[in-house]
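So this one's structure_36.tsv, TSV, C-alpha atoms and all ligand atoms:
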chain	number	residue	atom	x	y	z
A	1	MET	CA	-7.79	28.74	4.74
A	2	LEU	CA	-8.03	26.09	7.46
A	3	SER	CA	-5.37	25.41	10.04
A	4	ALA	CA	-3.12	22.47	9.06
A	5	LYS	CA	-2.20	22.11	12.73
A	6	LEU	CA	-5.83	21.70	13.81
A	7	LEU	CA	-6.61	19.32	10.92
A	8	LYS	CA	-3.64	17.13	11.86
A	9	GLN	CA	-4.60	17.19	15.52
A	10	CYS	CA	-8.13	16.12	14.56
A	11	ALA	CA	-6.78	13.28	12.35
A	12	LEU	CA	-4.44	11.93	15.02
A	13	GLU	CA	-7.12	12.13	17.71
A	14	ALA	CA	-9.56	10.34	15.40
A	15	GLY	CA	-7.11	7.43	15.07
A	16	ALA	CA	-4.78	8.08	12.13
A	17	ASP	CA	-1.10	7.45	12.89
A	18	ALA	CA	0.47	10.02	10.57
A	19	VAL	CA	-0.96	12.77	8.38
A	20	ALA	CA	0.23	15.19	5.71
A	21	ILE	CA	-1.47	17.68	3.42
A	22	GLY	CA	-0.56	18.59	-0.16
A	23	PRO	CA	-2.11	20.76	-2.88
A	24	VAL	CA	-3.97	18.94	-5.67
A	25	SER	CA	-2.13	21.18	-8.13
A	26	ARG	CA	0.62	18.52	-7.80
A	27	TYR	CA	-1.61	16.30	-9.97
A	28	GLU	CA	-0.89	18.58	-12.95
A	29	GLY	CA	0.19	16.36	-15.87
A	30	ALA	CA	-1.28	13.17	-14.33
A	31	PRO	CA	-3.25	10.84	-16.65
A	32	LYS	CA	-6.91	11.85	-16.68
A	33	GLN	CA	-8.04	8.48	-15.28
A	34	PHE	CA	-5.85	9.08	-12.20
A	35	ASP	CA	-6.50	12.78	-11.63
A	36	VAL	CA	-8.57	13.14	-8.43
A	37	ARG	CA	-9.55	16.69	-9.36
A	38	TYR	CA	-12.30	15.11	-11.51
A	39	ILE	CA	-13.85	13.63	-8.35
A	40	LEU	CA	-14.45	16.88	-6.46
A	41	PRO	CA	-14.98	20.10	-8.43
A	42	GLY	CA	-12.89	22.85	-6.87
A	43	CYS	CA	-10.79	20.34	-4.92
A	44	LYS	CA	-7.77	22.09	-3.45
A	45	SER	CA	-6.11	19.61	-1.09
A	46	VAL	CA	-5.30	15.94	-0.74
A	47	ILE	CA	-4.80	14.72	2.80
A	48	GLY	CA	-2.70	11.56	3.18
A	49	LEU	CA	-3.27	9.37	6.23
A	50	ALA	CA	-1.15	6.47	7.47
A	51	PHE	CA	-2.70	3.69	9.55
A	52	ARG	CA	0.08	1.64	11.00
A	53	HIS	CA	0.33	-2.11	11.12
A	54	LEU	CA	1.31	-3.10	14.61
A	55	ARG	CA	4.72	-4.77	14.39
A	56	GLY	CA	3.15	-7.61	16.36
A	57	VAL	CA	0.86	-8.67	13.51
A	58	PHE	CA	3.93	-10.05	11.74
A	59	ARG	CA	5.25	-11.93	14.79
A	60	GLY	CA	3.34	-15.19	14.23
A	61	ILE	CA	4.47	-15.40	10.59
A	62	GLU	CA	8.03	-14.50	11.59
A	63	GLU	CA	7.97	-17.40	14.06
A	64	GLY	CA	6.11	-19.69	11.61
A	65	THR	CA	3.33	-20.38	14.09
A	66	PHE	CA	0.36	-18.03	13.57
A	67	PHE	CA	-0.61	-16.63	10.18
A	68	SER	CA	-3.96	-14.85	10.47
A	69	ASN	CA	-3.07	-11.57	12.16
A	70	TYR	CA	-1.51	-9.67	9.29
A	71	SER	CA	-4.42	-10.41	6.94
A	72	GLY	CA	-7.17	-9.99	9.51
A	73	VAL	CA	-6.20	-7.60	12.30
A	74	ALA	CA	-4.01	-5.46	10.04
A	75	TYR	CA	-4.60	-5.38	6.31
A	76	ALA	CA	-8.32	-6.10	6.01
A	77	SER	CA	-9.66	-4.52	9.18
A	78	ILE	CA	-7.64	-1.33	8.64
A	79	ASN	CA	-8.98	-1.03	5.09
A	80	CYS	CA	-12.57	-2.00	5.75
A	81	MET	CA	-13.24	-0.82	9.31
A	82	ARG	CA	-10.68	1.53	10.81
A	83	GLN	CA	-10.12	3.78	7.81
A	84	PRO	CA	-13.82	4.46	7.07
A	85	MET	CA	-14.50	5.24	10.73
A	86	VAL	CA	-11.53	7.55	11.17
A	87	LEU	CA	-12.13	9.26	7.83
A	88	ARG	CA	-15.71	9.95	8.88
A	89	GLU	CA	-14.53	11.79	11.99
A	90	ILE	CA	-12.03	13.92	10.06
A	91	CYS	CA	-14.57	14.68	7.32
A	92	LYS	CA	-17.08	15.77	9.97
A	93	TRP	CA	-14.55	18.26	11.34
A	94	VAL	CA	-13.74	19.67	7.87
A	95	GLU	CA	-17.41	19.84	6.87
A	96	ASP	CA	-18.24	21.61	10.13
A	97	GLN	CA	-15.83	24.32	8.99
A	98	GLY	CA	-17.92	24.68	5.82
A	99	TYR	CA	-15.87	22.73	3.27
A	100	ASP	CA	-16.60	19.71	1.07
A	101	THR	CA	-14.87	16.38	1.60
A	102	VAL	CA	-14.44	13.06	-0.20
A	103	PRO	CA	-13.15	10.22	2.00
A	104	ILE	CA	-11.19	7.51	0.16
A	105	PRO	CA	-10.32	4.42	2.20
A	106	ASN	CA	-8.11	1.75	0.68
A	107	HIS	CA	-10.61	-0.91	-0.34
A	108	PHE	CA	-12.33	0.48	-3.41
A	109	GLY	CA	-11.43	-2.25	-5.88
A	110	TRP	CA	-13.81	-1.50	-8.72
A	111	VAL	CA	-12.31	0.89	-11.24
A	112	ALA	CA	-12.53	1.45	-14.97
A	113	THR	CA	-8.85	0.86	-15.58
A	114	ASN	CA	-6.67	-2.13	-14.99
A	115	THR	CA	-4.78	-1.20	-11.87
A	116	SER	CA	-4.10	-4.77	-10.81
A	117	GLY	CA	-0.83	-4.70	-12.68
A	118	GLN	CA	-1.79	-7.35	-15.21
A	119	LEU	CA	-1.04	-4.97	-18.08
A	120	PRO	CA	2.39	-3.65	-19.06
A	121	HIS	CA	3.30	-0.37	-17.41
A	122	GLY	CA	1.73	2.54	-19.30
A	123	GLN	CA	-1.37	0.64	-20.39
A	124	GLU	CA	-2.93	0.57	-16.93
A	125	GLN	CA	-4.15	4.13	-17.36
A	126	VAL	CA	-6.23	3.19	-20.40
A	127	PRO	CA	-9.90	2.50	-19.54
A	128	THR	CA	-10.86	-1.13	-19.93
A	129	PRO	CA	-13.38	-1.45	-22.82
A	130	GLY	CA	-16.90	-2.35	-21.76
A	131	VAL	CA	-16.54	-1.43	-18.07
A	132	SER	CA	-17.98	2.09	-18.20
A	133	ARG	CA	-18.17	5.19	-20.40
A	134	PRO	CA	-17.65	8.86	-19.63
A	135	LEU	CA	-20.68	11.10	-19.02
A	136	ARG	CA	-19.44	13.35	-21.81
A	137	GLU	CA	-16.40	13.77	-24.01
A	138	GLY	CA	-13.40	14.97	-22.08
A	139	LEU	CA	-14.26	13.31	-18.79
A	140	PRO	CA	-12.56	10.16	-17.46
A	141	CYS	CA	-14.46	6.86	-17.35
A	142	PRO	CA	-16.09	6.07	-13.99
A	143	ASN	CA	-14.79	4.86	-11.64
A	144	LEU	CA	-11.71	7.02	-11.54
A	145	SER	CA	-8.62	5.08	-10.45
A	146	VAL	CA	-7.25	6.65	-7.28
A	147	HIS	CA	-3.57	5.76	-6.96
A	148	MET	CA	-3.33	5.64	-3.18
A	149	ARG	CA	0.47	5.63	-2.93
A	150	LEU	CA	1.05	8.45	-5.37
A	151	GLY	CA	-1.75	10.38	-3.67
A	152	ALA	CA	0.17	9.95	-0.44
A	153	VAL	CA	3.38	11.11	-2.15
A	154	ILE	CA	1.49	14.20	-3.35
A	155	SER	CA	0.31	14.86	0.21
A	156	GLY	CA	3.89	14.77	1.52
A	157	LEU	CA	3.25	11.76	3.77
A	158	GLY	CA	6.31	9.77	2.68
A	159	GLU	CA	8.05	8.29	-0.35
A	160	MET	CA	7.90	5.31	-2.70
A	161	GLY	CA	10.39	2.61	-1.74
A	162	TRP	CA	12.25	0.54	-4.32
A	163	SER	CA	9.74	-2.22	-3.44
A	164	LYS	CA	6.85	0.07	-4.50
A	165	MET	CA	5.74	0.01	-0.88
A	166	PHE	CA	4.91	3.41	0.50
A	167	LEU	CA	7.40	4.36	3.22
A	168	THR	CA	6.88	6.86	6.01
A	169	LYS	CA	9.48	8.31	8.33
A	170	GLU	CA	7.43	7.00	11.26
A	171	PHE	CA	6.84	3.36	10.28
A	172	GLY	CA	8.77	2.62	7.08
A	173	PRO	CA	6.59	0.20	5.04
A	174	ARG	CA	4.41	-0.77	8.02
A	175	GLN	CA	1.07	0.97	7.27
A	176	ARG	CA	-1.98	1.22	5.02
A	177	ILE	CA	-2.86	4.50	3.31
A	178	ALA	CA	-6.12	6.46	3.09
A	179	LEU	CA	-6.78	9.75	1.30
A	180	LEU	CA	-9.19	12.60	1.87
A	181	LEU	CA	-10.01	15.23	-0.75
A	182	THR	CA	-11.33	18.65	0.18
A	183	ASP	CA	-11.88	22.10	-1.28
A	184	ALA	CA	-10.40	23.60	1.89
A	185	GLU	CA	-6.90	25.05	1.60
A	186	PHE	CA	-4.08	24.69	4.14
A	187	ASP	CA	-0.41	25.41	4.56
A	188	TYR	CA	1.06	22.44	2.73
A	189	ASP	CA	3.73	19.85	3.45
A	190	PRO	CA	6.59	19.51	0.96
A	191	ILE	CA	7.02	16.37	-1.15
A	192	VAL	CA	9.38	14.04	0.72
A	193	LYS	CA	12.68	14.03	-1.15
A	194	PRO	CA	13.28	10.58	-2.73
A	195	GLY	CA	16.01	8.76	-0.81
A	196	THR	CA	15.04	10.25	2.55
A	197	ILE	CA	13.90	6.81	3.78
A	198	CYS	CA	14.70	4.23	1.07
A	199	ASP	CA	18.46	3.82	0.57
A	200	ARG	CA	18.09	1.27	-2.28
A	201	CYS	CA	19.53	-1.55	-0.17
A	202	LYS	CA	17.38	-3.99	-2.25
A	203	LEU	CA	16.85	-6.26	0.77
A	204	CYS	CA	13.15	-6.21	-0.14
A	205	ALA	CA	14.00	-7.88	-3.46
A	206	LYS	CA	16.38	-10.41	-1.92
A	207	ALA	CA	13.85	-11.59	0.70
A	208	CYS	CA	10.78	-11.77	-1.57
A	209	SER	CA	9.70	-15.43	-1.77
A	210	GLY	CA	8.66	-15.03	-5.42
A	211	ASN	CA	11.52	-12.81	-6.59
A	212	ALA	CA	8.84	-10.40	-7.80
A	213	ILE	CA	10.99	-7.33	-7.16
A	214	PRO	CA	13.87	-6.81	-9.59
A	215	THR	CA	17.30	-5.76	-8.36
A	216	ASP	CA	18.33	-4.34	-11.71
A	217	ASP	CA	18.45	-0.54	-11.52
A	218	SER	CA	17.25	-0.27	-15.11
A	219	LYS	CA	13.93	-2.02	-14.31
A	220	VAL	CA	12.13	1.01	-12.92
A	221	VAL	CA	8.82	2.80	-13.19
A	222	ARG	CA	9.30	6.55	-13.24
A	223	VAL	CA	6.82	9.41	-12.78
A	224	VAL	CA	7.40	13.11	-12.18
A	225	ILE	CA	5.33	14.90	-9.52
A	226	ASP	CA	5.66	18.65	-9.19
A	227	GLY	CA	9.05	18.44	-10.91
A	228	VAL	CA	10.31	15.69	-8.58
A	229	PRO	CA	11.27	12.37	-10.28
A	230	ILE	CA	9.79	9.42	-8.37
A	231	GLU	CA	11.03	5.89	-9.18
A	232	TRP	CA	10.36	2.37	-7.98
A	233	ALA	CA	11.07	-1.16	-9.15
A	234	ASP	CA	8.99	-2.50	-12.04
A	235	LEU	CA	7.47	-5.44	-10.15
A	236	ASP	CA	6.18	-8.64	-11.67
A	237	TYR	CA	2.61	-8.33	-10.36
A	238	THR	CA	1.51	-11.76	-11.50
A	239	VAL	CA	4.31	-13.35	-9.49
A	240	CYS	CA	3.70	-10.99	-6.54
A	241	SER	CA	-0.03	-11.73	-6.42
A	242	ARG	CA	0.62	-15.48	-6.19
A	243	TYR	CA	3.60	-15.56	-3.87
A	244	PHE	CA	2.31	-13.18	-1.23
A	245	CYS	CA	-0.64	-15.57	-0.97
A	246	GLY	CA	1.67	-18.46	-0.21
A	247	ALA	CA	2.69	-19.91	-3.60
A	248	SER	CA	6.13	-20.86	-2.27
A	249	PRO	CA	5.86	-24.15	-0.34
A	250	GLN	CA	9.11	-23.28	1.42
A	251	HIS	CA	7.34	-20.23	2.93
A	252	ASN	CA	3.89	-21.73	3.50
A	253	PRO	CA	3.39	-24.52	6.08
A	254	PHE	CA	-0.22	-24.93	4.95
A	255	VAL	CA	1.11	-26.66	1.84
A	256	VAL	CA	0.78	-30.26	2.97
A	257	THR	CA	-0.61	-32.11	-0.02
A	258	ALA	CA	-0.11	-31.94	-3.77
A	259	GLU	CA	-3.54	-30.28	-4.02
A	260	ASP	CA	-2.39	-27.58	-1.60
A	261	ARG	CA	0.62	-26.87	-3.76
A	262	GLU	CA	-1.64	-26.42	-6.78
A	263	LYS	CA	-4.31	-24.34	-5.01
A	264	PHE	CA	-1.98	-21.92	-3.26
A	265	ALA	CA	-0.29	-21.27	-6.61
A	266	GLU	CA	-3.57	-20.15	-8.19
A	267	PRO	CA	-4.26	-16.46	-8.92
A	268	VAL	CA	-5.00	-14.29	-5.93
A	269	GLY	CA	-8.80	-14.32	-6.16
A	270	ARG	CA	-8.93	-18.11	-5.96
A	271	SER	CA	-5.99	-18.81	-3.69
A	272	GLN	CA	-7.31	-16.50	-0.97
A	273	GLN	CA	-10.47	-18.58	-0.74
A	274	TYR	CA	-8.49	-21.75	-0.14
A	275	LYS	CA	-8.05	-23.49	3.21
A	276	LEU	CA	-7.93	-20.43	5.49
A	277	PRO	CA	-11.25	-18.54	5.46
A	278	PRO	CA	-11.18	-14.81	4.67
A	279	GLN	CA	-11.16	-12.30	7.52
A	280	TYR	CA	-13.20	-9.25	6.50
A	281	PHE	CA	-13.09	-10.53	2.88
A	282	TYR	CA	-9.34	-11.05	3.00
A	283	SER	CA	-7.13	-13.97	3.94
A	284	ARG	CA	-4.35	-14.14	1.50
A	285	ALA	CA	-1.19	-12.56	2.90
A	286	LEU	CA	0.36	-15.80	4.19
A	287	GLU	CA	3.88	-14.87	3.11
A	288	GLY	CA	3.78	-11.99	5.59
A	289	ALA	CA	5.38	-9.54	3.15
A	290	ALA	CA	8.76	-11.19	3.72
A	291	GLY	CA	10.68	-8.70	1.61
A	292	CYS	CA	8.60	-5.59	1.05
A	293	ILE	CA	7.60	-5.16	4.70
A	294	ARG	CA	9.58	-7.42	7.06
A	295	ALA	CA	13.05	-7.18	5.49
A	296	CYS	CA	12.58	-3.49	4.76
A	297	MET	CA	11.29	-2.74	8.26
A	298	MET	CA	14.22	-4.53	9.90
A	299	HIS	CA	16.70	-2.66	7.71
A	300	LEU	CA	15.13	0.72	8.41
A	301	GLU	CA	15.04	0.01	12.16
A	302	GLN	CA	18.67	-1.15	12.21
A	303	THR	CA	19.91	1.85	10.25
A	304	GLY	CA	17.88	4.34	12.30
A	305	ARG	CA	15.94	5.58	9.30
A	306	ILE	CA	12.50	5.42	10.95
A	307	ASN	CA	11.16	6.80	14.21
A	308	ASN	CA	8.96	3.96	15.54
A	309	THR	CA	11.60	1.79	17.23
A	310	PHE	CA	11.63	-1.07	19.76
A	311	GLU	CA	13.71	-2.40	22.63
A	312	LYS	CA	14.40	-5.66	20.78
A	313	SER	CA	15.13	-6.27	17.11
A	314	PHE	CA	12.31	-7.96	15.21
A	315	ARG	CA	14.26	-11.02	14.00
A	316	ARG	CA	15.73	-13.07	16.82
A	317	LYS	CA	16.79	-16.18	14.93
A	318	PRO	CA	17.47	-17.06	11.29
A	319	SER	CA	14.37	-16.88	9.09
A	320	TRP	CA	12.65	-20.23	8.61
A	321	ARG	CA	12.10	-22.25	5.46
A	322	MET	CA	10.10	-25.45	5.09
A	323	PRO	CA	12.38	-28.36	4.13
A	324	THR	CA	12.64	-28.83	0.37
A	325	GLY	CA	11.38	-32.17	-0.88
A	326	GLN	CA	9.34	-32.87	2.28
A	327	ASP	CA	6.80	-30.16	1.74
A	328	THR	CA	4.05	-32.31	0.28
A	329	GLN	CA	2.47	-35.64	1.05
A	330	PRO	CA	1.74	-38.08	-1.79
A	401	LIG	S1	14.26	-2.84	1.58
A	401	LIG	FE1	15.76	-1.22	1.10
A	401	LIG	S2	15.51	-0.91	-1.14
A	401	LIG	FE2	13.70	-2.03	-0.46
A	401	LIG	S3	12.18	-0.42	-0.11
A	401	LIG	FE3	13.17	-0.86	1.88
A	401	LIG	S4	14.87	0.62	2.05
A	401	LIG	FE4	14.17	0.60	-0.10

Conversion result in structure tokens:
Amino acid sequence: MLSAKLLKQCALEAGADAVAIGPVSRYEGAPKQFDVRYILPGCKSVIGLAFRHLRGVFRGIEEGTFFSNYSGVAYASINCMRQPMVLREICKWVEDQGYDTVPIPNHFGWVATNTSGQLPHGQEQVPTPGVSRPLREGLPCPNLSVHMRLGAVISGLGEMGWSKMFLTKEFGPRQRIALLLTDAEFDYDPIVKPGTICDRCKLCAKACSGNAIPTDDSKVVRVVIDGVPIEWADLDYTVCSRYFCGASPQHNPFVVTAEDREKFAEPVGRSQQYKLPPQYFYSRALEGAAGCIRACMMHLEQTGRINNTFEKSFRRKPSWRMPTGQDTQP
């Protein structure tokens, strides 16, 4: 058994902002396509790592003046640069102790199942025909779909918010998640009890520019992990994928012409190529996560439910909206 204390020290020194370790036995009962135990034979532990978004990357969007930071300095560069580099350092430490590792940063898009949310809940665990086939009967189709947020729940890093954002006690919704699998064993963290951070205030739903998050308590997705029921809102992913890219002209000052209105309302793959060039392959988060990060973060700060706090509150004047009816030119 390895020391959880030393592993966590290594992870924090390497650049992670929070870390927790859970046993992979918590995957028992998971759909085969989502069960990470198929990735590493003899896997014993899943390590969840949080990489925080600086609060400052949302400042320009909050003020309505500078929109590139969240996509570039936060989302994309954390996924594509910071996570792989930090994971490498932690994996080196674990492998130097004689154990196998599998680093999983948060930018592996290609999977055999539809995890983009375009299918009704329940069907996303079914392999998409024609993408790949299992090596033999009984195995999942490559690539396995690693559910980053539920992996982080299993590690004990935090909980699922009503918004489906992963919340930690340190930063609330303000982070990206990476996972690390290993056949080393540790003393494990408990699963964070649902409701520890998210109080179901539903401010995430009220501030979402696309109304993608329902407020109705009956519209939930529910899974059970290690006997613990985990629930979150059953989002409209099609709406989410368009509106977080700027589909609402009232929340997107780059909508100037009628063509802009049409292009920013296109599906995510096309809209993120439009007008503002991608930063590290990514440019789309123009809405600045108005509900699922900004509203949630402000609520958790104000109610003292997270630890990373500031001298001044994040919002210092009423949130802005572009004037209706004057948002396009002929
Ligand atoms: S805004 Fe409120 S309901 Fe939504 S995820 Fe955050 S704490 Fe939960």

Each chain A residue no farther than 10 Å from ligand LIG 401 (chain A), nearest pair in Å, only C-alpha atoms and all ligand atoms, as CSV:
residue,atom,partner,partner_atom,distance
A:Glu159,CA,A:LIG401,S3,9.6
A:Met160,CA,A:LIG401,S3,7.6
A:Gly161,CA,A:LIG401,S3,3.9
A:Trp162,CA,A:LIG401,S3,4.3
A:Ser163,CA,A:LIG401,S3,4.5
A:Lys164,CA,A:LIG401,S3,6.9
A:Met165,CA,A:LIG401,S3,6.5
A:Phe166,CA,A:LIG401,S3,8.2
A:Leu167,CA,A:LIG401,S3,7.5
A:Gly172,CA,A:LIG401,FE3,7.6
A:Pro173,CA,A:LIG401,FE3,7.4
A:Gly195,CA,A:LIG401,FE4,8.4
A:Thr196,CA,A:LIG401,S4,9.6
A:Ile197,CA,A:LIG401,S4,6.5
A:Cys198,CA,A:LIG401,S4,3.7
A:Asp199,CA,A:LIG401,S4,5.0
A:Arg200,CA,A:LIG401,S2,3.6
A:Cys201,CA,A:LIG401,FE1,4.0
A:Lys202,CA,A:LIG401,S2,3.8
A:Leu203,CA,A:LIG401,S1,4.4
A:Cys204,CA,A:LIG401,S1,3.9
A:Ala205,CA,A:LIG401,FE2,6.6
A:Lys206,CA,A:LIG401,S1,8.6
A:Ala207,CA,A:LIG401,S1,8.8
A:Ile213,CA,A:LIG401,FE2,9.0
A:Thr215,CA,A:LIG401,S2,8.9
A:Trp232,CA,A:LIG401,S3,8.5
A:Ala233,CA,A:LIG401,FE2,9.1
A:Gly291,CA,A:LIG401,S1,6.9
A:Cys292,CA,A:LIG401,S1,6.3
A:Ile293,CA,A:LIG401,FE3,7.6
A:Arg294,CA,A:LIG401,S1,8.5
A:Ala295,CA,A:LIG401,S1,6.0
A:Cys296,CA,A:LIG401,S1,3.7
A:Met297,CA,A:LIG401,FE3,6.9
A:Met298,CA,A:LIG401,S1,8.5
A:His299,CA,A:LIG401,S1,6.6
A:Leu300,CA,A:LIG401,S4,6.4
A:Thr303,CA,A:LIG401,S4,9.7
A:Arg305,CA,A:LIG401,S4,8.8

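Taking only C-alpha atoms into account, Leu235 (chain A) lies nearest to A:Lys219 out of the set A:Lys219, A:Arg174, A:Arg270, A:Lys32.
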
Just the residues within 9 Å of Met322 (chain A), please, counting all atoms listed in the file, with nothing from its chain fewer than 6 positions along; format it as a compact mmCIF listing (two decimals) with C-alpha atoms, keeping the file's coordinate frame.
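So around.txt came out as:
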# COMPACT_ATOMS: atom_id res chain seq x y z
CA PRO A 249 5.86 -24.15 -0.34
CA GLN A 250 9.11 -23.28 1.42
CA HIS A 251 7.34 -20.23 2.93
CA ASN A 252 3.89 -21.73 3.50
CA PRO A 253 3.39 -24.52 6.08

Exercise on region 42-52 of chain A, axis-aligned box with 8 Å per side, report centre and edge lengths in Å to one decimal, as lines of an AutoDock Vina configuration file:
center_x = -6.4
center_y = 12.2
center_z = 2.1
size_x = 29.0
size_y = 37.2
size_z = 33.9

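In this model, the gap between CA of Asp216 (chain A) and CA of Glu231 (chain A) comes to 12.8 Å.
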